[in-house]
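Structure file structure29.cif with mmCIF, C-alpha atoms:
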```cif
data_start
#
loop_
_atom_site.label_atom_id
_atom_site.label_comp_id
_atom_site.auth_asym_id
_atom_site.auth_seq_id
_atom_site.Cartn_x
_atom_site.Cartn_y
_atom_site.Cartn_z
CA GLN V 1 9.10 3.69 -43.77
CA ARG V 2 10.66 1.41 -41.16
CA HIS V 3 11.80 4.34 -39.02
CA SER V 4 8.33 5.87 -39.23
CA CYS V 5 6.78 2.61 -38.02
CA ASP V 6 9.27 2.38 -35.19
CA ARG V 7 8.41 5.89 -34.04
CA SER V 8 4.69 5.10 -34.24
CA ALA V 9 5.15 1.96 -32.13
CA GLN V 10 7.15 3.90 -29.55
CA GLY V 11 4.45 6.55 -29.37
CA LEU V 12 1.74 3.91 -28.97
CA ARG V 13 3.64 2.26 -26.10
CA LYS V 14 3.99 5.64 -24.43
CA ILE V 15 0.26 6.33 -24.75
CA MET V 16 -0.63 2.90 -23.40
CA THR V 17 1.70 2.95 -20.40
CA PRO V 18 -0.44 2.92 -17.25
CA ILE V 19 0.02 5.73 -14.74
CA LEU V 20 0.27 5.24 -10.97
CA TYR V 21 -0.56 8.23 -8.80
CA SER V 22 0.94 7.58 -5.38
CA PHE V 23 2.09 9.13 -2.11
CA ARG V 24 5.07 7.57 -0.38
CA ARG V 25 3.77 7.34 3.19
CA CYS V 26 0.14 6.42 2.52
CA PRO V 27 -0.49 2.79 3.60
CA TYR V 28 -3.09 2.32 0.87
CA ALA V 29 -0.56 3.44 -1.73
CA MET V 30 2.11 1.26 -0.12
CA ARG V 31 0.07 -1.89 -0.58
CA ALA V 32 -0.71 -1.00 -4.17
CA ARG V 33 3.01 -0.54 -4.82
CA LEU V 34 3.79 -3.85 -3.12
CA ALA V 35 1.52 -5.70 -5.54
CA ILE V 36 2.79 -3.78 -8.56
CA GLY V 37 6.36 -4.56 -7.50
CA SER V 38 5.57 -8.24 -7.01
CA ALA V 39 3.96 -8.33 -10.46
CA GLY V 40 7.01 -6.72 -12.02
CA LEU V 41 4.94 -4.00 -13.67
CA THR V 42 6.43 -0.62 -14.54
CA PRO V 43 3.69 1.99 -14.80
CA GLU V 44 4.65 5.64 -14.86
CA HIS V 45 5.06 6.74 -11.23
CA ARG V 46 3.63 10.14 -10.37
CA GLU V 47 4.22 11.25 -6.78
CA ILE V 48 1.37 13.37 -5.44
CA LEU V 49 1.61 15.91 -2.65
CA LEU V 50 -1.66 15.58 -0.76
CA ARG V 51 -1.78 19.21 0.32
CA ASP V 52 -1.12 20.42 -3.25
CA LYS V 53 -2.69 17.93 -5.63
CA ALA V 54 -1.89 18.09 -9.30
CA PRO V 55 -4.87 19.15 -11.47
CA GLU V 56 -4.25 16.17 -13.77
CA PHE V 57 -4.61 13.83 -10.80
CA LEU V 58 -7.91 15.43 -9.74
CA ALA V 59 -9.16 15.32 -13.31
CA ALA V 60 -8.49 11.58 -13.41
CA SER V 61 -9.92 10.93 -9.94
CA PRO V 62 -11.98 13.74 -8.40
CA LYS V 63 -12.09 11.94 -5.03
CA GLY V 64 -8.50 13.11 -4.63
CA THR V 65 -7.09 10.18 -2.66
CA VAL V 66 -4.25 7.85 -3.59
CA PRO V 67 -3.50 5.39 -4.99
CA VAL V 68 -5.01 5.71 -8.44
CA VAL V 69 -4.06 3.84 -11.60
CA VAL V 70 -5.01 5.19 -15.00
CA ASP V 71 -4.82 2.39 -17.54
CA GLY V 72 -6.04 3.79 -20.84
CA ALA V 73 -9.70 4.67 -20.33
CA ASN V 74 -9.84 2.62 -17.13
CA VAL V 75 -9.38 4.51 -13.84
CA ILE V 76 -8.82 2.28 -10.80
CA GLU V 77 -9.36 4.19 -7.57
CA GLN V 78 -9.28 1.58 -4.79
CA SER V 79 -6.05 0.10 -3.48
CA LEU V 80 -7.29 -3.49 -3.35
CA ASP V 81 -8.57 -3.19 -6.91
CA ILE V 82 -5.13 -1.95 -7.95
CA MET V 83 -3.50 -4.91 -6.19
CA ASN V 84 -5.75 -7.30 -8.09
CA TRP V 85 -5.25 -5.36 -11.34
CA ALA V 86 -1.51 -5.91 -11.02
CA LEU V 87 -1.57 -9.52 -9.86
CA ILE V 88 -4.11 -10.69 -12.43
CA ARG V 89 -1.59 -9.56 -15.04
CA ASN V 90 1.32 -11.34 -13.41
CA ASP V 91 1.56 -13.15 -10.11
CA PRO V 92 4.97 -14.85 -10.04
CA GLU V 93 4.98 -15.11 -6.23
CA GLY V 94 1.49 -16.59 -6.04
CA LEU V 95 0.08 -13.83 -3.84
CA LEU V 96 -3.43 -14.59 -5.03
CA ASN V 97 -3.10 -18.20 -3.83
CA MET V 98 -4.74 -17.36 -0.53
CA PRO V 99 -7.41 -19.17 1.51
CA PRO V 100 -10.80 -17.47 1.94
CA GLN V 101 -9.85 -16.41 5.48
CA GLY V 102 -7.39 -13.98 3.93
CA HIS V 103 -10.17 -11.87 2.49
CA GLY V 104 -11.81 -11.81 5.89
CA LEU V 105 -8.61 -10.55 7.49
CA ILE V 106 -8.24 -7.83 4.86
CA HIS V 107 -11.83 -6.72 5.47
CA GLN V 108 -11.25 -6.63 9.23
CA ASN V 109 -8.07 -4.63 8.68
CA ASP V 110 -9.81 -2.12 6.43
CA THR V 111 -12.79 -1.60 8.74
CA THR V 112 -12.54 -2.16 12.48
CA PHE V 113 -8.74 -2.09 12.76
CA LYS V 114 -8.26 0.99 10.56
CA ASP V 115 -10.99 2.76 12.51
CA ALA V 116 -9.27 1.95 15.82
CA LEU V 117 -5.90 2.96 14.33
CA ASP V 118 -7.21 6.37 13.30
CA ARG V 119 -8.98 6.92 16.60
CA THR V 120 -5.76 6.09 18.43
CA LYS V 121 -3.45 8.16 16.25
CA TYR V 122 -5.80 11.12 15.86
CA ALA V 123 -7.63 10.92 19.18
CA HIS V 124 -7.99 14.69 19.47
CA ARG V 125 -9.49 14.97 15.99
CA HIS V 126 -11.97 12.16 16.66
CA GLN V 127 -12.55 13.09 20.31
CA SER V 128 -11.88 9.45 21.12
CA ASP V 129 -10.31 7.58 24.04
CA PRO V 130 -6.98 6.25 22.69
CA GLU V 131 -6.73 3.57 25.37
CA HIS V 132 -10.15 2.22 24.47
CA GLU V 133 -9.20 2.27 20.79
CA ARG V 134 -5.95 0.46 21.50
CA THR V 135 -8.00 -2.29 23.12
CA ASN V 136 -10.09 -2.53 19.95
CA ALA V 137 -6.96 -2.66 17.79
CA GLN V 138 -5.42 -5.30 20.02
CA GLN V 139 -8.16 -7.75 19.10
CA PHE V 140 -7.02 -7.71 15.49
CA LEU V 141 -3.35 -7.94 16.44
CA ASP V 142 -4.19 -11.01 18.52
CA THR V 143 -5.98 -12.56 15.53
CA LEU V 144 -2.90 -11.95 13.38
CA GLY V 145 -0.74 -13.39 16.14
CA PHE V 146 -2.79 -16.59 16.05
CA HIS V 147 -2.01 -17.06 12.36
CA LEU V 148 1.62 -15.97 12.64
CA GLY V 149 2.20 -18.29 15.58
CA LYS V 150 1.86 -21.12 13.07
CA ASN V 151 3.69 -19.72 10.04
CA ILE V 152 6.27 -17.11 9.13
CA HIS V 153 3.55 -15.38 7.07
CA LEU V 154 -0.19 -15.33 7.60
CA PHE V 155 -0.90 -18.51 5.66
CA GLY V 156 2.39 -20.26 5.19
CA ALA V 157 6.05 -19.92 4.34
CA THR V 158 5.48 -17.25 1.69
CA PRO V 159 3.42 -14.04 1.70
CA THR V 160 -0.02 -13.74 0.17
CA LEU V 161 -2.21 -10.83 -0.82
CA ALA V 162 -3.32 -10.55 2.82
CA ASP V 163 0.23 -10.04 4.12
CA TYR V 164 0.94 -7.16 1.76
CA ALA V 165 -2.55 -5.67 2.11
CA ILE V 166 -2.28 -5.55 5.91
CA LEU V 167 1.39 -4.91 6.74
CA PRO V 168 1.44 -1.18 5.83
CA PHE V 169 -1.34 -0.57 8.37
CA ILE V 170 0.43 -2.55 11.09
CA ARG V 171 3.47 -0.37 10.40
CA GLN V 172 1.34 2.75 10.73
CA PHE V 173 -0.14 1.57 14.02
CA ALA V 174 3.25 0.54 15.42
CA ASN V 175 4.69 3.95 14.57
CA ILE V 176 2.20 5.68 16.86
CA ASP V 177 4.25 4.38 19.79
CA ARG V 178 6.75 1.68 18.88
CA ASP V 179 7.76 1.05 22.49
CA ARG V 180 4.14 0.44 23.42
CA PHE V 181 3.63 -1.75 20.36
CA ASP V 182 6.60 -3.90 21.36
CA ILE V 183 5.00 -4.47 24.75
CA ASP V 184 1.42 -5.09 23.65
CA ALA V 185 1.60 -6.73 20.22
CA PRO V 186 2.08 -10.51 20.02
CA LYS V 187 5.71 -11.42 19.39
CA PRO V 188 4.96 -13.15 16.08
CA VAL V 189 3.34 -9.94 14.83
CA GLN V 190 6.38 -7.90 15.86
CA LYS V 191 8.71 -10.30 14.06
CA TRP V 192 6.50 -10.30 10.97
CA LEU V 193 6.57 -6.52 10.86
CA ASP V 194 10.32 -6.31 11.52
CA ARG V 195 11.11 -8.76 8.70
CA PHE V 196 8.98 -6.69 6.36
CA LEU V 197 10.63 -3.41 7.36
CA ALA V 198 14.09 -4.94 6.82
CA SER V 199 13.19 -6.43 3.42
CA ASP V 200 14.38 -5.32 0.01
CA ARG V 201 10.74 -5.25 -1.07
CA PHE V 202 9.88 -2.59 1.51
CA ALA V 203 12.99 -0.56 0.64
CA GLY V 204 12.06 -0.77 -3.02
CA ILE V 205 8.60 0.73 -2.57
CA MET V 206 9.80 3.49 -0.23
CA GLN V 207 12.08 5.37 -2.60
CA LYS V 208 11.66 9.13 -2.37
CA TYR V 209 10.39 10.87 -5.48
CA PRO V 210 9.91 14.58 -6.09
CA LYS V 211 6.38 15.90 -6.44
CA TRP V 212 5.17 15.27 -9.97
CA GLU V 213 4.15 18.20 -12.15
CA ASN V 214 2.86 18.27 -15.70
CA GLY V 215 5.80 18.39 -18.10
CA ASP V 216 8.17 16.37 -15.90
CA ALA V 217 10.04 13.52 -17.53
CA ALA V 218 8.29 10.19 -17.02
CA ILE V 219 9.68 7.97 -14.24
CA SER V 220 8.89 4.28 -14.39
CA PHE V 221 7.83 2.61 -11.18
CA GLY V 222 10.87 1.00 -9.58
CA ALA V 223 13.33 3.24 -11.39
CA THR V 224 15.79 5.26 -9.35
CA ALA V 225 14.43 8.72 -8.66
CA PRO V 226 16.39 11.60 -10.22
#
```

Turn this file's structure into structure tokens for me.
Amino acid sequence: QRHSCDRSAQGLRKIMTPILYSFRRCPYAMRARLAIGSAGLTPEHREILLRDKAPEFLAASPKGTVPVVVDGANVIEQSLDIMNWALIRNDPEGLLNMPPQGHGLIHQNDTTFKDALDRTKYAHRHQSDPEHERTNAQQFLDTLGFHLGKNIHLFGATPTLADYAILPFIRQFANIDRDRFDIDAPKPVQKWLDRFLASDRFAGIMQKYPKWENGDAAISFGATAP
């Protein structure tokens, strides 16, 4: 009887384990993984190939973009919602202890800055003027520089939700032309980004995983890829 109960409990834990659908290079997925890593959660990690999406992923989230968390009957499809989902469960680093301005910075990042980023990186696709869009992006970088000129992170000596929600997009913008970024971006922003890129936290969320397919052995988030 005891062994039967043990097996039942193991099966229940398996059923209840949340699933994270992710893509390594997507900045939205990066920030979700940063929060999950900070929270110490270990959902099942399923790496999605965006040009060949798994049917199970599309069944869970027909919009077809990452990240997505499936937690029982609950499907969480927005990266900020996933960050909050993780940190409400456990926030040992106090990432949610952020002043109201942090939410404003995240909103600015996700709207005007991301639009300028895309129109700089994919100027041909958008038929946009990349120099004009760089000027638009620079306004946000200058705002970040104002905050980072006072502190090592946006609001103090330790990171908050805003730092981890924004940094993946600053990385993406810098990678368009890193030499140009190092000329134009405020020095505190450059240092903030460089510390992040050299951190164990960044290395931890950037492990390479094979494309997930139905029937593959489960891989817990944070575990070494096979």

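Atom pair CA of Leu80 in chain V / CA of Gln172 in chain V has a distance of 17.7 Å (rounded to one decimal).
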
Picked residues, the PyMOL selection byres ((chain V and resi 24-38) around 6), as a PyMOL selection string: chain V and resi 22-23+39-41+67+79+82-83+86+164-165+168-169

Selection result for the PyMOL selection byres ((chain V and resi 140-157) around 8) on this file, as a PyMOL selection string: chain V and resi 98-99+108-109+113+136-139+158-160+162-163+185-189+192

Distance in Å - CA of Ser61 in chain V versus CA of Asn74 in chain V: 11.0 Å

Coordinates-based distance that separates CA of Arg201 in chain V from CA of Arg178 in chain V (Å, one decimal):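 For CA of Arg178 in chain V relative to CA of Arg201 in chain V, the distance reads 21.5 Å.
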
Take range 91-139 of chain V from the block and save it with N, CA and C atoms, as an mmCIF file, in the first residue's frame.
```cif
data_model
loop_
_atom_site.group_PDB
_atom_site.id
_atom_site.type_symbol
_atom_site.label_atom_id
_atom_site.label_comp_id
_atom_site.auth_asym_id
_atom_site.auth_seq_id
_atom_site.Cartn_x
_atom_site.Cartn_y
_atom_site.Cartn_z
ATOM 1 N N ASP V 91 10.142 35.386 -3.826
ATOM 2 C CA ASP V 91 10.906 36.561 -4.245
ATOM 3 C C ASP V 91 12.057 36.802 -3.272
ATOM 4 N N PRO V 92 13.015 35.876 -3.213
ATOM 5 C CA PRO V 92 14.081 35.992 -2.216
ATOM 6 C C PRO V 92 14.985 37.202 -2.419
ATOM 7 N N GLU V 93 15.056 37.712 -3.642
ATOM 8 C CA GLU V 93 15.910 38.870 -3.921
ATOM 9 C C GLU V 93 15.152 40.191 -3.867
ATOM 10 N N GLY V 94 13.876 40.126 -3.558
ATOM 11 C CA GLY V 94 13.091 41.351 -3.419
ATOM 12 C C GLY V 94 12.913 42.118 -4.717
ATOM 13 N N LEU V 95 12.781 41.407 -5.831
ATOM 14 C CA LEU V 95 12.640 42.093 -7.117
ATOM 15 C C LEU V 95 11.360 42.906 -7.204
ATOM 16 N N LEU V 96 10.333 42.481 -6.489
ATOM 17 C CA LEU V 96 9.069 43.211 -6.527
ATOM 18 C C LEU V 96 9.092 44.461 -5.658
ATOM 19 N N ASN V 97 10.130 44.636 -4.866
ATOM 20 C CA ASN V 97 10.260 45.838 -4.028
ATOM 21 C C ASN V 97 10.805 46.974 -4.903
ATOM 22 N N MET V 98 9.931 47.545 -5.688
ATOM 23 C CA MET V 98 10.307 48.510 -6.711
ATOM 24 C C MET V 98 9.410 49.734 -6.606
ATOM 25 N N PRO V 99 9.961 50.930 -6.739
ATOM 26 C CA PRO V 99 9.106 52.124 -6.714
ATOM 27 C C PRO V 99 8.200 52.177 -7.930
ATOM 28 N N PRO V 100 7.129 52.971 -7.866
ATOM 29 C CA PRO V 100 6.180 53.048 -8.991
ATOM 30 C C PRO V 100 6.831 53.437 -10.316
ATOM 31 N N GLN V 101 7.928 54.212 -10.252
ATOM 32 C CA GLN V 101 8.599 54.611 -11.499
ATOM 33 C C GLN V 101 9.065 53.403 -12.298
ATOM 34 N N GLY V 102 9.321 52.295 -11.615
ATOM 35 C CA GLY V 102 9.790 51.106 -12.307
ATOM 36 C C GLY V 102 8.781 50.595 -13.310
ATOM 37 N N HIS V 103 7.515 50.633 -12.954
ATOM 38 C CA HIS V 103 6.480 50.188 -13.873
ATOM 39 C C HIS V 103 6.394 51.111 -15.077
ATOM 40 N N GLY V 104 6.633 52.399 -14.845
ATOM 41 C CA GLY V 104 6.651 53.335 -15.953
ATOM 42 C C GLY V 104 7.793 53.062 -16.908
ATOM 43 N N LEU V 105 8.959 52.719 -16.369
ATOM 44 C CA LEU V 105 10.101 52.393 -17.228
ATOM 45 C C LEU V 105 9.838 51.124 -18.030
ATOM 46 N N ILE V 106 9.243 50.132 -17.401
ATOM 47 C CA ILE V 106 8.927 48.891 -18.121
ATOM 48 C C ILE V 106 7.945 49.182 -19.257
ATOM 49 N N HIS V 107 6.943 49.994 -18.989
ATOM 50 C CA HIS V 107 5.968 50.344 -20.030
ATOM 51 C C HIS V 107 6.648 51.081 -21.184
ATOM 52 N N GLN V 108 7.534 52.002 -20.854
ATOM 53 C CA GLN V 108 8.248 52.745 -21.896
ATOM 54 C C GLN V 108 9.130 51.803 -22.714
ATOM 55 N N ASN V 109 9.767 50.857 -22.026
ATOM 56 C CA ASN V 109 10.598 49.867 -22.717
ATOM 57 C C ASN V 109 9.760 49.041 -23.697
ATOM 58 N N ASP V 110 8.588 48.619 -23.236
ATOM 59 C CA ASP V 110 7.776 47.688 -24.019
ATOM 60 C C ASP V 110 7.017 48.366 -25.156
ATOM 61 N N THR V 111 6.973 49.680 -25.146
ATOM 62 C CA THR V 111 6.212 50.404 -26.172
ATOM 63 C C THR V 111 7.153 51.205 -27.063
ATOM 64 N N THR V 112 7.495 52.400 -26.656
ATOM 65 C CA THR V 112 8.252 53.293 -27.545
ATOM 66 C C THR V 112 9.662 52.776 -27.830
ATOM 67 N N PHE V 113 10.346 52.233 -26.799
ATOM 68 C CA PHE V 113 11.708 51.760 -27.043
ATOM 69 C C PHE V 113 11.703 50.507 -27.908
ATOM 70 N N LYS V 114 10.836 49.549 -27.628
ATOM 71 C CA LYS V 114 10.799 48.327 -28.435
ATOM 72 C C LYS V 114 10.425 48.647 -29.879
ATOM 73 N N ASP V 115 9.542 49.613 -30.060
ATOM 74 C CA ASP V 115 9.175 50.005 -31.424
ATOM 75 C C ASP V 115 10.389 50.591 -32.152
ATOM 76 N N ALA V 116 11.134 51.464 -31.468
ATOM 77 C CA ALA V 116 12.328 52.054 -32.089
ATOM 78 C C ALA V 116 13.396 50.995 -32.330
ATOM 79 N N LEU V 117 13.522 50.041 -31.401
ATOM 80 C CA LEU V 117 14.476 48.939 -31.562
ATOM 81 C C LEU V 117 14.161 48.157 -32.843
ATOM 82 N N ASP V 118 12.906 47.765 -32.990
ATOM 83 C CA ASP V 118 12.522 46.971 -34.159
ATOM 84 C C ASP V 118 12.704 47.756 -35.451
ATOM 85 N N ARG V 119 12.394 49.029 -35.411
ATOM 86 C CA ARG V 119 12.494 49.842 -36.621
ATOM 87 C C ARG V 119 13.943 50.208 -36.947
ATOM 88 N N THR V 120 14.824 50.036 -35.972
ATOM 89 C CA THR V 120 16.257 50.173 -36.247
ATOM 90 C C THR V 120 16.823 48.867 -36.773
ATOM 91 N N LYS V 121 16.503 47.786 -36.100
ATOM 92 C CA LYS V 121 17.061 46.475 -36.461
ATOM 93 C C LYS V 121 16.499 45.961 -37.780
ATOM 94 N N TYR V 122 15.212 46.183 -37.991
ATOM 95 C CA TYR V 122 14.543 45.668 -39.188
ATOM 96 C C TYR V 122 14.036 46.828 -40.046
ATOM 97 N N ALA V 123 14.926 47.771 -40.324
ATOM 98 C CA ALA V 123 14.530 48.983 -41.048
ATOM 99 C C ALA V 123 13.938 48.662 -42.421
ATOM 100 N N HIS V 124 14.519 47.695 -43.105
ATOM 101 C CA HIS V 124 14.006 47.347 -44.437
ATOM 102 C C HIS V 124 12.590 46.807 -44.345
ATOM 103 N N ARG V 125 12.353 45.954 -43.358
ATOM 104 C CA ARG V 125 11.021 45.366 -43.184
ATOM 105 C C ARG V 125 9.984 46.438 -42.882
ATOM 106 N N HIS V 126 10.366 47.399 -42.039
ATOM 107 C CA HIS V 126 9.425 48.441 -41.615
ATOM 108 C C HIS V 126 9.447 49.664 -42.533
ATOM 109 N N GLN V 127 10.371 49.666 -43.484
ATOM 110 C CA GLN V 127 10.561 50.833 -44.356
ATOM 111 C C GLN V 127 10.749 52.097 -43.514
ATOM 112 N N SER V 128 11.625 51.978 -42.520
ATOM 113 C CA SER V 128 11.865 53.060 -41.577
ATOM 114 C C SER V 128 13.267 53.629 -41.754
ATOM 115 N N ASP V 129 13.485 54.794 -41.171
ATOM 116 C CA ASP V 129 14.788 55.453 -41.182
ATOM 117 C C ASP V 129 15.517 55.046 -39.905
ATOM 118 N N PRO V 130 16.547 54.201 -39.996
ATOM 119 C CA PRO V 130 17.188 53.703 -38.770
ATOM 120 C C PRO V 130 17.842 54.806 -37.942
ATOM 121 N N GLU V 131 18.321 55.856 -38.586
ATOM 122 C CA GLU V 131 18.927 56.940 -37.815
ATOM 123 C C GLU V 131 17.873 57.684 -36.998
ATOM 124 N N HIS V 132 16.729 57.899 -37.595
ATOM 125 C CA HIS V 132 15.630 58.537 -36.859
ATOM 126 C C HIS V 132 15.197 57.656 -35.684
ATOM 127 N N GLU V 133 15.128 56.349 -35.928
ATOM 128 C CA GLU V 133 14.707 55.436 -34.865
ATOM 129 C C GLU V 133 15.749 55.332 -33.762
ATOM 130 N N ARG V 134 17.012 55.435 -34.122
ATOM 131 C CA ARG V 134 18.061 55.462 -33.091
ATOM 132 C C ARG V 134 17.900 56.679 -32.189
ATOM 133 N N THR V 135 17.519 57.791 -32.777
ATOM 134 C CA THR V 135 17.282 59.000 -31.978
ATOM 135 C C THR V 135 16.138 58.768 -30.996
ATOM 136 N N ASN V 136 15.085 58.098 -31.460
ATOM 137 C CA ASN V 136 13.971 57.773 -30.557
ATOM 138 C C ASN V 136 14.420 56.837 -29.438
ATOM 139 N N ALA V 137 15.215 55.828 -29.780
ATOM 140 C CA ALA V 137 15.704 54.887 -28.777
ATOM 141 C C ALA V 137 16.621 55.575 -27.769
ATOM 142 N N GLN V 138 17.392 56.533 -28.245
ATOM 143 C CA GLN V 138 18.352 57.215 -27.390
ATOM 144 C C GLN V 138 17.665 57.924 -26.225
ATOM 145 N N GLN V 139 16.457 58.392 -26.444
ATOM 146 C CA GLN V 139 15.741 59.078 -25.372
ATOM 147 C C GLN V 139 15.532 58.150 -24.177
#
```
